[in-house]
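**Q** Quick one: structure below, then a few questions.
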Amino acid sequence: MTTGNFFAIGEQKAFVAFSHGRFDKMEKYTPQEIEKKWQKVWEDEAVYKTERDDSRKKYYALEMFPYPSGNLHMGHVRNYSIGDVVARFKTMQGYNVLHPMGFDAFGMPAENAAIEHGIHPAKWTKDNIANMTAQQKGMGLSYDWDREAITCNPDYYKWTQWLFELVYKKGLAYKKAATVNWCDKCGTVLANEQVVDGKCWRCDSPVVKKDLAQWFFKITDYADRLLKDLSLLKGWPERVKTMQENWIGKSAGLEFSMEIPELGESVAVYTTRPDTAFGITFLALAAEHPLVEKICAKSDKADEIKAFCEKVRQTSDIERTAGDADKEGVFTGLYCINPFNGNKAQIWVTNYVLAEYGTGAVMGVPSGDQRDWLFAKKYGIDIILTLQPKGAKLKLADMTAAYVEKDGELVNSGRFTGMEMHAAMDAIMDEAEAKGFGKRRINYRLRDWLISRQRYWGAPIPIIYCDKCGEVLVPEEELPVKLPEDVKFESGAKSPLATSKEFVECRCPKCGGAARRETDTMDTFICSSWYYLRYTDPKNDSAPFAKGDVNYWAPVDQYIGGIEHAILHLLYSRFVTKVLKDEGLVDFAEPFTNLLTQGMVIKDGAKMSKSKGNVVSPEEIIGKFGADTARLFILFAAPVERDLEWSDEGVEGSFRFLSRVWRILDIKADAINSGNDAYDAATLTADEKKLRGQLHRTIKKVTVDIGERFMFNTAISSCMELVNHLYTFQDKELNPDLARETAKNLLLMLAPFAPHITEELWSKFFVGSVHKQSWPKCDEAATVENEIEIVVQVNGKVRDKLVIAADADKTAQEEAALALPKIKELTAGKTVVKVIVVPKKLVNIAVK
RNA sequence: GCGGACGUGGCGGAAUUGGCAGACGCGCCGGAUUUAGGAUCCGGUGUCUUACGACGUAUGGGUUCAAGCCCCUUCGUCCGCACCA
């Protein structure tokens, strides 16, 4: 028998001659041997190699590439199993499918390994990638490995640096001194998106504030488009879109200025409730507001103010954002003027106004804002009522909270008194604009993306500092700026790159004078914000990708990954795609047309983790049962979007099912082999027709379940039902033609789930690779049943059943139901009020 | 506090459009086979009831000939947002 290719027909016959007969003569299902064999064949024969073909319809299936931690975990197995089903199914449906894999290979753990064990990050990463790739290959995934992208390779990060330069040239990258999020444990800064509940997203340790000069990407310039285009993403979960919407946090309001006579200056405030402006009794400043210093120069309370600000600055984000954090402040002794009515308002420095949002100064309206209410009550600040429900009278003395409804009528508001709230809002903004002290303004919660990292294992920022020329981009032809080898891996406020003399010292590209390189590296989220584009043209060394390739393959038709990236990676990728679109480098504005967020794999009700000791290793499971069983179980045990409870018994069940498939095809091997591919189904017995009917109903269901509903669990369960049905023929004659038809279609349907066993069985009976076949078609005629069972209800309760010709009309169905002895008995002596007939389903008789 | 998702046997889950609730799998019980065990094959398995039958999809109500599905109420679980002015 030849290896490295599929069996020829003669050889199949030889196999069958050997295998027919009773159980004890059978060849056992040994996944370990079969899987290795076919993985080698697929690789040798380049079965999953993909090429662009403009005459064919493409489909791009993608799973989020992993960080090379060293080992696959069950979450990866689930992710890749889902993606592989999609890719194989679409291939069988005739699409030209792109299904690539790679590694998000820059990042902290590699560097920590260097610090702790003295292994170079590059070596650590390379070894881990080798190990994980072997595990991925052991799963039998249909990747085109020739397209692999590894972000830490110079031929990849060259283009990450190129992307930085593009963003820079568009004026969307800038360096500025700012108060930034700092994670002590990681020894680096973090973008806002990477701080979760005041803690580092990666290591969970508290984030502190630090003043540093850092590089930013102006993602805020794209805030509105990132928000608006969410509506284009029909194939995204609503949940993810809502999260992005919240994150962007658009609000519309008025920015206006208030004079501070004692300083001869004015202060800008932003509000979404200009309708309440006549109720201003104080001004609340953030402790970090620039005006605070000037106030201190004038105020006799300078010491008290300074002490308060210091205290606020010391407070961590976790404490500051705690829901019940106390509102505190100090009165500065100074006043500002409400431009709407000329009233004086006390200026307070507070702990509840955010410096980063709006203008860092807020008008205090105790009657219309709960926070201001609490603050005013605490410090005895005046309260003026300006809004009340229509037709009702509010009395300040009776109120226990601010009136915050966006509904009602204005009071105590000068010429606006009596106006409906929304009309007043517009009128007040009109007045502010007309008089020139205010302007309508849109505000976003989204901040610019902080992209510098004080770490070694990342793509160096391609910037050179020259004393004469200032900040200069490294010329494109000199990219990549490679990572130096002679560094000291120590965590601290400075990047390890700063310890490499060879790296830091350079010539200015403009004037040729002595200059220094930027020593920060880029956030790894930049590397992963464009990798899906690189797959379309992974070996290109003159551009990140060719336009023809990227526009043929991308955008990604189906993206699959965890919900944890709902904001981070998915927001950054959308931003980068839009920048590239504006630059004319890609033709699409959104990178991922459809998004599937898979659920977690849990055990004993909790996420698998080393500390809980509930980790199940994929390697172990695959070693014991084979990859097909592991894949099948993980797809069968729960719908893809829901969390999946791991069950060792369930895995055995999946193995049992595959063994049953193996066995029944072996039992029927003679029939399958002697059957014809084309035959007249009319000659089948009644039992056989039933089997054939189920076969084609199964094809129909599986096609819909995989292709339209992503219900892989029910697709598999209907295949199980079909196999159960086939077993009713195990000791009975089965028409060879039908046996062949059933085996063929069953293998085709199972091929995306269990690629190895189906390939092995296919090779015993059919020619070529099962993975190169077309997806089966349902013969509608076969699914039609001659007789159907009808449910007969009396007053909505099932009382009997009725078998009737499938083409019986409504009247015949009703008559047959009423003629049933049991129904006659139940309706005797009662009045039939109504008879509802649902054709081919049920008859319901309402009686009194 | 606000927004969203979810709640079905002992367990994972199914029911796609308002039409037999519990498909399929696990577990459990029984039978066949076997020297035995295991494996395998077959059958059973929501609850109560001797049976007839009654009850049953978190809770209480409503719409309907008919509700797991639609409407309202309450409870619970999970997720997101939360001093964003």
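Residue numbering restarts at 1 in every chain; chains get A, B, ... in the order shown in the structure tokens, and ligands count up from 1 in that same order.
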Dump as a count of residues only the residues of chain B that approach chain A to within 10 Å, counting only C-alpha atoms (C1' of nucleotides).
**A** 27
**Q** Which polymer residues have any atom within 6 Å of an atom of segment 506-522 of chain A, counting only C-alpha atoms (C1' of nucleotides), with same-chain residues fewer than 2 positions away left out, as a list in words?
**A**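 The contact residues come out as Ile451, Ser452, Arg453, Gln454, Gly458, Ala459, Pro460, Ile461, Ile463, Ile464, Tyr465, Cys466, Ser495, Leu497, Ala498 and Val504 of chain A.
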**Q** Show which residues sit within 9 Å of Gly138 of chain A, as a compact mmCIF listing (two decimals) with N, CA, C and O atoms, in the first residue's frame. Count only C-alpha atoms (C1' of nucleotides), and ignore same-chain residues fewer than 3 positions away.
**A**
# COMPACT_ATOMS: atom_id res chain seq x y z
N GLU A 35 -4.50 9.67 13.03
CA GLU A 35 -4.36 11.13 13.00
C GLU A 35 -2.97 11.55 12.55
O GLU A 35 -2.82 12.44 11.72
N LYS A 36 -1.98 10.88 13.09
CA LYS A 36 -0.60 11.21 12.68
C LYS A 36 -0.42 10.98 11.19
O LYS A 36 0.18 11.78 10.48
N GLN A 39 -2.23 13.70 9.13
CA GLN A 39 -1.60 15.02 9.26
C GLN A 39 -0.37 15.10 8.35
O GLN A 39 -0.12 16.12 7.72
N THR A 133 2.86 25.23 17.91
CA THR A 133 2.57 24.87 16.53
C THR A 133 2.40 23.36 16.42
O THR A 133 1.48 22.87 15.74
N ALA A 134 3.27 22.62 17.11
CA ALA A 134 3.14 21.16 17.09
C ALA A 134 1.79 20.74 17.65
O ALA A 134 1.13 19.85 17.12
N GLN A 135 1.36 21.43 18.71
CA GLN A 135 0.05 21.10 19.30
C GLN A 135 -1.09 21.45 18.34
O GLN A 135 -2.06 20.71 18.21
N LEU A 141 -5.79 20.97 12.16
CA LEU A 141 -6.47 22.19 11.70
C LEU A 141 -6.07 22.50 10.26
O LEU A 141 -4.95 22.23 9.85
N GLU A 619 -3.35 18.40 25.54
CA GLU A 619 -2.40 17.37 25.10
C GLU A 619 -2.78 15.99 25.64
O GLU A 619 -2.73 14.99 24.93
N ILE A 622 -6.01 14.75 23.92
CA ILE A 622 -5.74 14.33 22.55
C ILE A 622 -4.92 13.04 22.55
O ILE A 622 -5.15 12.13 21.76
N GLY A 626 -7.58 11.19 21.05
CA GLY A 626 -7.40 11.71 19.70
C GLY A 626 -8.01 13.09 19.55
O GLY A 626 -8.88 13.49 20.32
N ALA A 627 -7.52 13.81 18.55
CA ALA A 627 -7.98 15.17 18.31
C ALA A 627 -9.44 15.20 17.86
O ALA A 627 -10.19 16.08 18.24
**Q** I want to know what sits within 12 Å of Asn112 of chain A, based on only C-alpha atoms (C1' of nucleotides), with residues of the same chain fewer than 2 positions away left out; could you give that as a PyMOL selection string?
**A** chain A and resi 69+106-110+114-122+124-125+185-187+455-457+489-491
**Q** Could you please write out, as an MDAnalysis selection string, every residue of segment 69-276 of chain A that DSSP assigns to strand (DSSP E)?
**A** chainID A and resid 96:98 102:103 149:150 173:183 188:190 195:196 199:200 207:217 251:260 265:271
**Q** Would you pick out the contacts of Ala392 of chain A at 12 Å or less, using only C-alpha atoms (C1' of nucleotides), so that residues sharing its chain but fewer than 4 positions from it are not included, and give the list as a PyMOL selection string?
**A** chain A and resi 387-388+407-411
**Q** When distances are computed from only C-alpha atoms, which of A:Ser763, A:Ser299, A:Thr597, A:Ser611 shows the smallest separation from Lys241 of chain A?
**A** A:Thr597
**Q** May I ask for the distance between atom CA of Glu780 of chain A and atom CA of Leu746 of chain A, given in Å to one decimal place?
**A**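 The value is 16.9 Å.
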